[in-house]
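Read the structure below first, then the notes.
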Amino acid sequence: MLKEDAASATLIDELVRLAPGGGAVTVLKETRVLVVRVGDVVIKAHPPGTVERDLRSRLDAARGLPGVMLAPLALERLENLERRERPERREHPEHPVGRLVTIWPAGEALSPDDLADGTMPEDAWEEGARLLARLHATPPPRGMPQAGGPERLGKAMAELARVADSADTRQIRHVMRIRQAYQTLAGPLRAADQRLLSPGARLALTHGDWHLGQLVRHEGAWLLIDPDDLGVGDPAWDLARPAAWFASGLLDPDLWHSFLSAYIGAGGTAVSHDDPWRELDLPARALTVQLAATAVVTAMRAGSAPDEVAVALVSSCGRIVAAAG
Amino acid sequence: MECPKCRGHMRMFDRNGIHIEQCDNCKGIFLDYGELETLTRMETQWAQQQYAPPPAPGGPAWGAPHGGHGGHYGHHGHRNRSWVGMLFSS
C-alpha cells in the first residue's frame with residue numbers, strides 16, 4: 001500500500017469511528033476534503049489548515065438558516081491525526097495538528113447520474129436559484145468571514161502555473177490565453193474589491209461555491225450544503241458559475257433563463273432586473289477564467305488533450321481578451 | 001347613417017362595448033367620441049398580458065454565439081460526461 005493510501009485509509013477509519021450509529025460506509029469525495037457516508041450521517045474532514053473560528057461562524061450561520069441550508073450535527077477535531085499521517089511533522093510541534101471534522105444528516109444529493117439517466121428533477125435549477133435568493137436576503141450574522149468565492153480564481157491560476165512548465169506547444173497556447181484573460185481582470189477585480197469596502201456596498205450572505213452538487217433533498221425539502229466558503233461578499237458571485245457556463249455556450253440558454261428568472265422571481269437581490277449582466281459580467285468573466293484554468297490543469301494532469309468543454313472555456317477567455325482590448 | 005366620404009350606407013356594430021359604424025361601400029369606419037381612446041386602452045392591456053414578463057436581456061459582450069455550432073448543450077458522449085461533471089464540482 002502506498003503511503004498516501006495508508007494515510008487516507010487511516011483517516012477514513014477515524015471518520016467512520018465518529019459516526020454515532022454505524023452503518024454502510026461509502027466514500028463520497030476524496031480531494032482536499034474527505035467526505036464519507038456512514039449509515040444516515042455524512043462525515044467530512046475539512047482541508048488541513050482550516051481556520052476553526054471561521055468554520056464555527058459558518059456552521060452557526062448554516063444552523064440559523066432552516067429551510068435554506070442543511071444544519072450540521074456536530075463539529076469535532078481529530079487530534080494528532082496529522083502526526084500519524086505525516087510522521088515527519090513530529091519535529092514541528094508549532095504546525096497545527098489534527099483535522100476539523102463535521103457531521104451532517106445524510107440528504108439525497110443530486111448527482112451527475114441523475115442528469116445522465118434523465119431522473120434529475122426538472123426544477124433543480126429553479127430550486128437552487130430560489131435557495132440562493134433566500135440566502136442572499138438573510139442579513140449576514142456578526143463576525144462572518146468573507147465569502148470564499150473570489151479566492152478560488154487565484155488558486156486555480158496557481159495550479160495552472162504549477163503544470164505550465166510541462167505544457168506542450170498546443171497546451172502552452174491555452175495556458176497563455178487563460179493568463180491573458182486573467183490579466184485583463186486584475187484591475188477590475190481590485191476596483192470591485194474596493195467598492196465592496198465602501199459604505200452602502202451591495203454585501204450579502206453568499207454561498208461562495210455554488211454548483212448543482214451543492215443541492216440535497218432532506219426530509220422532503222431542497223437545501224444548500226457545504227458552508228466552507230459561506231461568508232460576506234458580492235452575491236452575484238453565486239450566480240457567476242452558471243453565468244459563465246451560459247456565456248461559454250455550454251449551458252442551454254433556456255435553463256439559464258429559467259434559473260435567472262427563478263432567482264429574480266424569488267426576490268434575489270444580486271442582479272438588477274432590467275440588466276442582470278451589469279452585476280454578472282465581472283464575476284462571470286472571473287469564473288470563466290477559473291473554470292478554463294481548472295479544465296486545462298485536469299486535462300494536463302490526466303495526460304489527455306483538452307476536451308470540447310475545456311476548449312469552449314478557453315475560447316471564452318479569448319473573447320474576454322478581445323472585449324477588454 | 002350616411003357615409004361622410006362616399007355617401008354609402010353605414011352599418012352599426014357593437015363589439016366589446018365599442019360602438020363602430022362601417023360603410024358597406026368603401027369599408028370606412030366611423031368611431032364615436034372617446035372610442036379611439038377606449039380601443040387604445042384595450043390594446044395596451046392585451047399587449048401587457050401577451051408580452052409580460054419581459055425577456056431577460058441576452059448576455060455579455062464576450063459571450064459565445066448560441067445555437068448552431070456555438071452550443072454544446074444537449075449532446076451525449078464524451079464531452080457531455082465532462083460537462084456534467086463540471087456542473088457538480090468546484
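If you're wondering about the labels, chains in the C-alpha cells are A, B, ... by order shown, residues count from 1 in each chain, ligands from 1 in order shown.
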Would you mind listing what lies within 12 Å of Glu35 (chain B) as a ChimeraX atom specification, with only C-alpha atoms counted and same-chain residues fewer than 2 positions away left out?
-> /B:14-21,29-33,37-42
Please produce a file of the residues just selected, as a PDB file, in the first residue's frame, where the atoms kept are N, CA and C atoms.
```
ATOM      1  N   ASP B  14     -71.554  46.566 -32.544  1.00  0.00           N
ATOM      2  CA  ASP B  14     -71.162  46.744 -31.146  1.00  0.00           C
ATOM      3  C   ASP B  14     -70.250  45.588 -30.781  1.00  0.00           C
ATOM      4  N   ARG B  15     -68.999  45.911 -30.522  1.00  0.00           N
ATOM      5  CA  ARG B  15     -68.041  44.845 -30.192  1.00  0.00           C
ATOM      6  C   ARG B  15     -67.334  45.183 -28.880  1.00  0.00           C
ATOM      7  N   ASN B  16     -67.509  44.327 -27.867  1.00  0.00           N
ATOM      8  CA  ASN B  16     -66.858  44.536 -26.568  1.00  0.00           C
ATOM      9  C   ASN B  16     -67.034  45.960 -26.047  1.00  0.00           C
ATOM     10  N   GLY B  17     -68.230  46.457 -26.168  1.00  0.00           N
ATOM     11  CA  GLY B  17     -68.526  47.775 -25.611  1.00  0.00           C
ATOM     12  C   GLY B  17     -68.077  48.936 -26.477  1.00  0.00           C
ATOM     13  N   ILE B  18     -67.558  48.641 -27.676  1.00  0.00           N
ATOM     14  CA  ILE B  18     -67.148  49.734 -28.556  1.00  0.00           C
ATOM     15  C   ILE B  18     -68.148  49.830 -29.711  1.00  0.00           C
ATOM     16  N   HIS B  19     -68.570  51.055 -29.949  1.00  0.00           N
ATOM     17  CA  HIS B  19     -69.606  51.313 -30.933  1.00  0.00           C
ATOM     18  C   HIS B  19     -68.937  51.729 -32.235  1.00  0.00           C
ATOM     19  N   ILE B  20     -69.093  50.889 -33.304  1.00  0.00           N
ATOM     20  CA  ILE B  20     -68.405  51.129 -34.580  1.00  0.00           C
ATOM     21  C   ILE B  20     -69.450  51.233 -35.692  1.00  0.00           C
ATOM     22  N   GLU B  21     -69.216  52.171 -36.628  1.00  0.00           N
ATOM     23  CA  GLU B  21     -70.049  52.190 -37.835  1.00  0.00           C
ATOM     24  C   GLU B  21     -69.154  52.005 -39.047  1.00  0.00           C
ATOM     25  N   ILE B  29     -64.483  53.336 -41.541  1.00  0.00           N
ATOM     26  CA  ILE B  29     -65.005  53.144 -40.185  1.00  0.00           C
ATOM     27  C   ILE B  29     -65.161  54.485 -39.498  1.00  0.00           C
ATOM     28  N   PHE B  30     -66.282  54.648 -38.801  1.00  0.00           N
ATOM     29  CA  PHE B  30     -66.562  55.865 -38.065  1.00  0.00           C
ATOM     30  C   PHE B  30     -66.619  55.501 -36.580  1.00  0.00           C
ATOM     31  N   LEU B  31     -65.817  56.210 -35.776  1.00  0.00           N
ATOM     32  CA  LEU B  31     -65.823  55.969 -34.332  1.00  0.00           C
ATOM     33  C   LEU B  31     -66.490  57.134 -33.624  1.00  0.00           C
ATOM     34  N   ASP B  32     -67.254  56.817 -32.563  1.00  0.00           N
ATOM     35  CA  ASP B  32     -67.830  57.876 -31.745  1.00  0.00           C
ATOM     36  C   ASP B  32     -66.745  58.533 -30.901  1.00  0.00           C
ATOM     37  N   TYR B  33     -67.103  59.676 -30.306  1.00  0.00           N
ATOM     38  CA  TYR B  33     -66.160  60.403 -29.470  1.00  0.00           C
ATOM     39  C   TYR B  33     -65.688  59.493 -28.319  1.00  0.00           C
ATOM     40  N   GLU B  37     -59.851  56.196 -27.869  1.00  0.00           N
ATOM     41  CA  GLU B  37     -59.111  56.063 -26.603  1.00  0.00           C
ATOM     42  C   GLU B  37     -59.424  54.713 -25.952  1.00  0.00           C
ATOM     43  N   THR B  38     -60.718  54.306 -26.014  1.00  0.00           N
ATOM     44  CA  THR B  38     -61.082  53.003 -25.440  1.00  0.00           C
ATOM     45  C   THR B  38     -60.337  51.871 -26.148  1.00  0.00           C
ATOM     46  N   LEU B  39     -60.268  51.959 -27.459  1.00  0.00           N
ATOM     47  CA  LEU B  39     -59.545  50.937 -28.244  1.00  0.00           C
ATOM     48  C   LEU B  39     -58.080  50.881 -27.851  1.00  0.00           C
ATOM     49  N   THR B  40     -57.458  52.066 -27.728  1.00  0.00           N
ATOM     50  CA  THR B  40     -56.031  52.135 -27.386  1.00  0.00           C
ATOM     51  C   THR B  40     -55.788  51.488 -26.026  1.00  0.00           C
ATOM     52  N   ARG B  41     -56.711  51.796 -25.067  1.00  0.00           N
ATOM     53  CA  ARG B  41     -56.537  51.253 -23.719  1.00  0.00           C
ATOM     54  C   ARG B  41     -56.649  49.729 -23.755  1.00  0.00           C
ATOM     55  N   MET B  42     -57.611  49.221 -24.518  1.00  0.00           N
ATOM     56  CA  MET B  42     -57.797  47.775 -24.589  1.00  0.00           C
ATOM     57  C   MET B  42     -56.609  47.092 -25.266  1.00  0.00           C
TER      58      MET B  42
END
```
Residues at most 7 Å from Ala62 (chain A), counting only C-alpha atoms, excluding those fewer than 6 positions away in the same chain, as a VMD selection string?
-> chain A and resid 69 to 71 227
If you count only C-alpha atoms, which residues fall within 12 Å of Arg278 (chain A), apart from same-chain ones fewer than 4 positions away, as a list in words?
-> Ala236, Ala270, Val271, Ser272, His273, Asp274, Leu282, Pro283 and Ala284 of chain A; Pro57, Gly58, Gly59, Pro60 and Ala61 of chain B
List every residue of region 77-267 of chain A that DSSP, applied to the backbone of this structure, places in helix (DSSP H, G or I), and write the result as a PyMOL selection string.
-> chain A and resi 81-85+87-91+112-116+124-136+151-164+169-197+212-214+227-229+237-247+253-265
I need the chosen residues saved as a compact mmCIF listing (two decimals), in the first residue's frame, with C-alpha atoms.
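For reference, result.txt as written:
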```txt
# COMPACT_ATOMS: atom_id res chain seq x y z
CA LEU A 81 -4.10 12.56 13.26
CA GLU A 82 -1.73 14.52 11.11
CA ARG A 83 1.23 13.41 13.24
CA ARG A 84 0.31 9.86 12.46
CA GLU A 85 -0.37 10.69 8.82
CA PRO A 87 5.45 11.40 10.96
CA GLU A 88 7.99 13.89 9.55
CA ARG A 89 5.91 16.70 11.07
CA ARG A 90 6.58 15.43 14.61
CA GLU A 91 9.59 17.71 14.74
CA PRO A 112 -24.26 13.54 -12.40
CA ASP A 113 -26.01 10.16 -12.71
CA ASP A 114 -29.41 11.82 -12.17
CA LEU A 115 -28.68 14.08 -15.11
CA ALA A 116 -27.25 11.34 -17.31
CA ALA A 124 -33.47 21.56 -9.69
CA TRP A 125 -32.08 24.70 -11.32
CA GLU A 126 -35.03 26.78 -10.14
CA GLU A 127 -34.86 25.30 -6.63
CA GLY A 128 -31.19 26.22 -6.45
CA ALA A 129 -31.97 29.75 -7.63
CA ARG A 130 -34.73 30.21 -5.05
CA LEU A 131 -32.49 28.96 -2.23
CA LEU A 132 -29.73 31.37 -3.28
CA ALA A 133 -32.24 34.24 -3.37
CA ARG A 134 -33.33 33.42 0.20
CA LEU A 135 -29.71 33.08 1.35
CA HIS A 136 -28.84 36.48 -0.14
CA GLU A 151 -10.19 33.49 -3.75
CA ARG A 152 -10.77 30.44 -5.90
CA LEU A 153 -9.65 32.21 -9.09
CA GLY A 154 -6.18 32.84 -7.64
CA LYS A 155 -5.94 29.21 -6.51
CA ALA A 156 -6.88 27.93 -9.99
CA MET A 157 -4.26 30.22 -11.60
CA ALA A 158 -1.63 28.95 -9.11
CA GLU A 159 -2.49 25.37 -10.12
CA LEU A 160 -2.14 26.35 -13.78
CA ALA A 161 1.31 27.83 -13.05
CA ARG A 162 2.34 24.54 -11.43
CA VAL A 163 1.64 22.48 -14.56
CA ALA A 164 2.63 25.14 -17.13
CA THR A 169 3.01 23.68 -27.83
CA ARG A 170 -0.74 23.30 -28.07
CA GLN A 171 -1.22 23.36 -24.31
CA ILE A 172 1.01 26.41 -23.85
CA ARG A 173 -1.25 28.33 -26.23
CA HIS A 174 -4.19 27.53 -23.97
CA VAL A 175 -2.21 28.46 -20.86
CA MET A 176 -1.22 31.81 -22.38
CA ARG A 177 -4.75 32.61 -23.48
CA ILE A 178 -6.06 31.93 -19.96
CA ARG A 179 -3.30 34.10 -18.45
CA GLN A 180 -4.04 36.97 -20.85
CA ALA A 181 -7.71 36.84 -19.85
CA TYR A 182 -6.70 36.76 -16.17
CA GLN A 183 -4.54 39.86 -16.66
CA THR A 184 -7.50 41.83 -18.05
CA LEU A 185 -9.38 41.02 -14.83
CA ALA A 186 -6.76 42.07 -12.27
CA GLY A 187 -7.62 45.79 -12.34
CA PRO A 188 -11.42 45.44 -12.46
CA LEU A 189 -11.36 42.84 -9.64
CA ARG A 190 -9.25 45.13 -7.43
CA ALA A 191 -11.66 48.01 -8.12
CA ALA A 192 -14.64 45.75 -7.29
CA ASP A 193 -12.93 44.78 -4.00
CA GLN A 194 -12.52 48.45 -3.15
CA ARG A 195 -16.17 49.14 -3.93
CA LEU A 196 -17.16 46.34 -1.51
CA LEU A 197 -15.35 48.21 1.27
CA LEU A 212 -25.57 21.59 -8.69
CA GLY A 213 -23.60 19.31 -6.35
CA GLN A 214 -24.45 21.71 -3.51
CA PRO A 227 -20.78 26.21 4.11
CA ASP A 228 -16.97 26.05 3.73
CA ASP A 229 -16.94 29.23 1.61
CA TRP A 237 -20.57 35.54 -7.44
CA ASP A 238 -23.06 32.80 -6.53
CA LEU A 239 -24.69 33.16 -9.97
CA ALA A 240 -21.38 33.57 -11.77
CA ARG A 241 -20.62 29.90 -12.40
CA PRO A 242 -23.84 29.14 -14.32
CA ALA A 243 -23.48 32.58 -15.97
CA ALA A 244 -20.01 31.56 -17.18
CA TRP A 245 -21.36 28.22 -18.47
CA PHE A 246 -24.11 30.04 -20.35
CA ALA A 247 -21.74 32.65 -21.78
CA PRO A 253 -29.99 29.22 -22.73
CA ASP A 254 -33.48 28.05 -21.66
CA LEU A 255 -32.07 26.51 -18.46
CA TRP A 256 -30.01 29.65 -17.78
CA HIS A 257 -33.01 31.91 -18.26
CA SER A 258 -35.26 29.77 -16.08
CA PHE A 259 -32.55 29.78 -13.38
CA LEU A 260 -32.18 33.57 -13.58
CA SER A 261 -35.95 34.17 -13.72
CA ALA A 262 -36.48 31.92 -10.68
CA TYR A 263 -33.78 33.85 -8.81
CA ILE A 264 -35.27 37.24 -9.66
CA GLY A 265 -38.81 35.96 -9.10
```
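CA of Ala299 (chain A) to CA of Ser316 (chain A) spans 17.5 Å [interatomic distance, one decimal].
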Using the chain letters and numbers from this document, which residues of region 161-219 of chain A does DSSP assign to strand (DSSP E or B), as a list in words?
-> Ala204, Leu205, Thr206, Leu215, Val216, Arg217 and His218 of chain A
Kindly give the distance, in Å, that separates CA of Glu79 (chain A) and CA of His46 (chain A), rounded to a single decimal.
-> 13.4 Å
Polymer residues at most 8 Å from Ser57 (chain A), only C-alpha atoms, same-chain spacing of 5 or more positions, as a PyMOL selection string = chain A and resi 143-145
Identify, on the basis of only C-alpha atoms, every residue whose closest approach to Ser90 (chain B) does not exceed 9 Å; exclude the query and any residue fewer than 6 positions from it along the same chain; express the result as a list in words.
-> Asp209, Trp210, His211, Gly213 and Leu291 of chain A
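One finds CA of Ile12 (chain A) at 25.8 Å from CA of Arg63 (chain A).
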